[in-house]
Number of protein chains: 2
Amino acid sequence: MKITVVGLGVIGGSFVKALKGKGYEVYGVDINQESLHDAKRDGCIIEGYTDPSEIIPQTDLTIIALYPSLVLDFLKNNTFKPGSIVSDAVGIKSYFLKQALELMPEDVEYISVHPMAGREKKGYEYASAEVFKDANFIVVQTSINKPQSIAFMEGFAHDLGFHSVKIMSPIDHDEIIAFTSQLPHTIAVALMNSDTQKYDTGKYIGDSFRDLTRIANINEDLWTELFLNNKEHLLEAMTHFETQFDILKKAIKNDDADTLKKKFRESSKRRENL
Amino acid sequence: MKITVVGLGVIGGSFVKALKGKGYEVYGVDINQESLHDAKRDGCIIEGYTDPSEIIPQTDLTIIALYPSLVLDFLKNNTFKPGSIVSDAVGIKSYFLKQALELMPEDVEYISVHPMAGREKKGYEYASAEVFKDANFIVVQTSINKPQSIAFMEGFAHDLGFHSVKIMSPIDHDEIIAFTSQLPHTIAVALMNSDTQKYDTGKYIGDSFRDLTRIANINEDLWTELFLNNKEHLLEAMTHFETQFDILKKAIKNDDADTLKKKFRESSKRRENL
């Protein structure tokens with residue numbers, strides 16, 4: 001089976017690294033010759049192409065690991081093999097699939113996926129098969145998908161090293177992701193920006209502050225697009241968070257130790273259950 | 001120089017591990033015989049005692065790594081060597097030092113410190129000298145401290161492996177810690193508790209959610225005491241955070257991409273500068 005990964009950045013690069021030695025015939029497409037050269041040197045791809053038309057028409061599974069708007073451009077500008085599967089790793093699915101599915105011919109099956117493993121760094125050099133180990137993977141199912149194709153993607157995710165694979169609709173995906181991914185990003189940004197900068201903050205932080213602000217270093221164009229195209233779900237998650245934050249704030253204001261302890265027991269139990 | 005660490009839990013245990021081979025004469029006190037046995041086996045202490053009166057009166061530097069109320073009990077119930085230094089690692093200083101300093105005889109110098117390196121796990125087995133490497137250390141200076149004692153603690157922190165050592169007043173310590181440590185804990189608790197639990201959350205999370213909620217597993221008695229005894233500073237930090245969170249929420253509601261991008265640039269730059 002011929003697989004082509006388009007975009008050998010940190011996500012696409014991790015795909016080709018995780019596929020090494022798994023019995024697939026893997027190719028790469030990138031505008032960066034160096035990434036293609038490095039992936040071939042690492043034995044992760046058989047060949048690399050800067051011109052996708054040299055390999056995409058022969059590919060059985062195309063994984064487009066590019067920014068949302070560039071995935072759409074790629075779908076417009078390329079001809080896929082009849083009967084093949086095309087996929088992406090875009091962070092939000094409903095608004096994106098509305099556009100993507102319209103661009104696909106009937107004889108090509110589009111299955112969107114979400115590998116829940118990222119890095120704050122960009123580029124092939126930071127890609128790693130390790131980040132997929134024990135991580136979560138979501139296969140987004142739409143009305144056009146065949147059961148056997150969904151089953152194939154499920155097995156493929158396990159081959160990549162993912163521990164859990166869940167199948168769900170675009171709208172369910174976007175609802176849970178608003179909570180588990182988008183809300184943490186809004187929190188990290190707000191925490192970082194709420195610094196009064198009265199002190200030399202970096203000299204007074206421990207791991208908790210480092211952990212909570214790691215994702216405050218954020219790609220402005222990508223995340224603005226993702227936030228605004230999932231605003232109903234995200235605003236709902238933000239409101240739920242504010243409600244809980246206010247409960248703590250009021251308890252602290254009123255010296256209400258009982259409420260604080262109750263809330264700490266609740267969060268501790270939930271975190272342990274994760 | 002004889003140093004005794006009281007409480008060989010995750011913090012006290014890390015102290016004795018970090019002191020190994022640094023030329024000090026190190027002893028341990030704990031109610032748990034096993035921790036004392038393990039620390040002696042590891043070559044981190046010369047001898048362990050369950051009865052502090054056997055070693056404290058001969059000790060030049062006593063570090064009490066216990067919960068705040070237990071530190072106060074220890075100060076009440078023990079006789080320290082005249083001319084010696086006594087220290088603790090309690091997370092908030094103003095309210096605590098008011099009580100601690102009253103319990104000290106004039107011929108013993110109390111210097112509170114804050115090693116900004118913790119672990120969510122408890123006990124000697126999770127203690128490690130590694131957590132101090134490249135971490136931040138704060139020496140809390142009060143009017144009773146001699147300049148040479150403060151200078152000694154500064155050098156001692158570097159011996160432990162800490163990268164940065166800052167000297168500041170109890171009130172300044174509590175103000176910056178409200179932002180860098182207490183606020184992140186309130187956020188983590190609120191985030192964890194805002195889960196509607198409609199989905200099996202653990203299957204849809206990546207590193208960002210894991211990182212932001214690690215400290216939601218929180219010691220209820222300890223943190224309730226720390227929060228309520230630093231409420232003015234903490235409430236101020238919480239309000240600053242809410243202001244920034246609201247700016248993001250309004251921008252998302254109003255499809256205001258410019259404000260989002262501006263805020264993302266700000267948080268990215270601040271995070272990189274850390």
# chains A, B, ... in the order shown; residues from 1 in each chain; ligands from 1

$ closest_atom_pairs --of "chain B" --to "chain A" --cutoff "6 Å" --atoms "only C-alpha atoms" --output "JSON lines"
{"residue": "B:Met116", "atom": "CA", "partner": "A:Gly206", "partner_atom": "CA", "distance": 5.0}
{"residue": "B:Ala117", "atom": "CA", "partner": "A:Gly206", "partner_atom": "CA", "distance": 5.7}
{"residue": "B:Asn136", "atom": "CA", "partner": "A:Lys203", "partner_atom": "CA", "distance": 5.9}
{"residue": "B:Thr180", "atom": "CA", "partner": "A:Ile205", "partner_atom": "CA", "distance": 5.6}
{"residue": "B:Val189", "atom": "CA", "partner": "A:Ser267", "partner_atom": "CA", "distance": 5.5}
{"residue": "B:Ala190", "atom": "CA", "partner": "A:Gln244", "partner_atom": "CA", "distance": 4.9}
{"residue": "B:Leu191", "atom": "CA", "partner": "A:Phe241", "partner_atom": "CA", "distance": 5.7}
{"residue": "B:Met192", "atom": "CA", "partner": "A:Ser267", "partner_atom": "CA", "distance": 5.6}
{"residue": "B:Asn193", "atom": "CA", "partner": "A:Ser267", "partner_atom": "CA", "distance": 5.6}
{"residue": "B:Ser194", "atom": "CA", "partner": "A:Phe241", "partner_atom": "CA", "distance": 5.0}
{"residue": "B:Gly202", "atom": "CA", "partner": "A:Leu274", "partner_atom": "CA", "distance": 4.9}
{"residue": "B:Lys203", "atom": "CA", "partner": "A:Asn136", "partner_atom": "CA", "distance": 5.9}
{"residue": "B:Ile205", "atom": "CA", "partner": "A:Thr180", "partner_atom": "CA", "distance": 5.6}
{"residue": "B:Gly206", "atom": "CA", "partner": "A:Met116", "partner_atom": "CA", "distance": 5.0}
{"residue": "B:Phe209", "atom": "CA", "partner": "A:Thr180", "partner_atom": "CA", "distance": 5.7}
{"residue": "B:Asp211", "atom": "CA", "partner": "A:Asp211", "partner_atom": "CA", "distance": 5.3}
{"residue": "B:Leu212", "atom": "CA", "partner": "A:Leu212", "partner_atom": "CA", "distance": 4.9}
{"residue": "B:Ala216", "atom": "CA", "partner": "A:Ser267", "partner_atom": "CA", "distance": 5.5}
{"residue": "B:Asn217", "atom": "CA", "partner": "A:Ser268", "partner_atom": "CA", "distance": 3.8}
{"residue": "B:Ile218", "atom": "CA", "partner": "A:Ser268", "partner_atom": "CA", "distance": 5.8}
{"residue": "B:Glu220", "atom": "CA", "partner": "A:Lys261", "partner_atom": "CA", "distance": 5.1}
{"residue": "B:His240", "atom": "CA", "partner": "A:Ser194", "partner_atom": "CA", "distance": 5.3}
{"residue": "B:Phe241", "atom": "CA", "partner": "A:Ser194", "partner_atom": "CA", "distance": 5.0}
{"residue": "B:Gln244", "atom": "CA", "partner": "A:Ala190", "partner_atom": "CA", "distance": 4.9}
{"residue": "B:Phe245", "atom": "CA", "partner": "A:Ala190", "partner_atom": "CA", "distance": 5.1}
{"residue": "B:Lys261", "atom": "CA", "partner": "A:Glu220", "partner_atom": "CA", "distance": 5.1}
{"residue": "B:Phe264", "atom": "CA", "partner": "A:Glu220", "partner_atom": "CA", "distance": 5.6}
{"residue": "B:Ser267", "atom": "CA", "partner": "A:Val189", "partner_atom": "CA", "distance": 5.4}
{"residue": "B:Ser268", "atom": "CA", "partner": "A:Asn217", "partner_atom": "CA", "distance": 3.8}
{"residue": "B:Arg271", "atom": "CA", "partner": "A:Asn217", "partner_atom": "CA", "distance": 5.9}
{"residue": "B:Leu274", "atom": "CA", "partner": "A:Gly202", "partner_atom": "CA", "distance": 4.9}

$ select_by_dssp --residues "segment 26-256 of chain B" --states "strand (DSSP E or B)" --output "count of residues only"
31

$ residues_around --residues "segment 141-147 of chain A" --least-positions-apart "2" --cutoff "6 Å" --atoms "only C-alpha atoms" --output "list in words"
Ser149, Ile150, Met168 and Ser169 of chain A

$ residues_around --residues "Val29 of chain B" --least-positions-apart "4" --cutoff "6 Å" --atoms "only C-alpha atoms" --output "list in words"
Val6, Gly7, Gly48, Tyr49 and Thr50 of chain B

$ closest_residue --among "A:Glu25, A:Asp88, A:Asp159, A:Asp38" --to "Ala127 of chain A" --atoms "only C-alpha atoms"
A:Asp38

$ closest_residue --among "A:Lys2, A:Lys122, A:Lys81, A:Lys20" --to "Gly161 of chain A" --atoms "only C-alpha atoms"
A:Lys20

$ closest_residue --among "B:Lys40, B:Ser14, B:Val140, B:Phe156" --to "Ser94 of chain B" --atoms "only C-alpha atoms"
B:Val140

$ atom_distance --atom1 "atom CA of Tyr27 of chain B" --atom2 "atom CA of Thr59 of chain B"
8.8 Å

$ residues_around --residues "segment 69-75 of chain A" --least-positions-apart "3" --cutoff "8 Å" --atoms "only C-alpha atoms" --output "list in words"
Ile64, Ala65, Leu66, Asn78, Thr79, Asp88, Gln99, Ala100, Leu103 and Met104 of chain A

$ write_last_selection --atoms "C-alpha atoms" --output "short mmCIF file (atom, residue, chain, number, x, y, z; two decimals), in the first residue's frame"
data_model
loop_
_atom_site.label_atom_id
_atom_site.label_comp_id
_atom_site.auth_asym_id
_atom_site.auth_seq_id
_atom_site.Cartn_x
_atom_site.Cartn_y
_atom_site.Cartn_z
CA ILE A 64 -2.23 16.11 4.18
CA ALA A 65 -0.50 17.52 7.25
CA LEU A 66 -0.79 21.22 6.37
CA ASN A 78 -4.43 17.78 -7.19
CA THR A 79 -5.88 14.70 -8.83
CA ASP A 88 -5.91 15.53 7.08
CA GLN A 99 -15.46 22.85 2.44
CA ALA A 100 -13.20 19.81 1.99
CA LEU A 103 -13.88 19.57 -3.35
CA MET A 104 -13.64 15.77 -3.54
#

$ select_by_dssp --residues "segment 18-47 of chain A" --states "alpha helix (DSSP H)" --output "PyMOL selection string"
chain A and resi 18-19+33-41

$ atom_distance --atom1 "atom CA of His37 of chain B" --atom2 "atom CA of Ser84 of chain B"
26.3 Å

$ closest_residue --among "B:Glu109, B:His233, B:Ala178, B:Leu8" --to "Gly91 of chain B" --atoms "only C-alpha atoms"
B:Ala178

$ atom_distance --atom1 "atom CA of Leu97 of chain B" --atom2 "atom CA of Ile171 of chain B"
10.5 Å
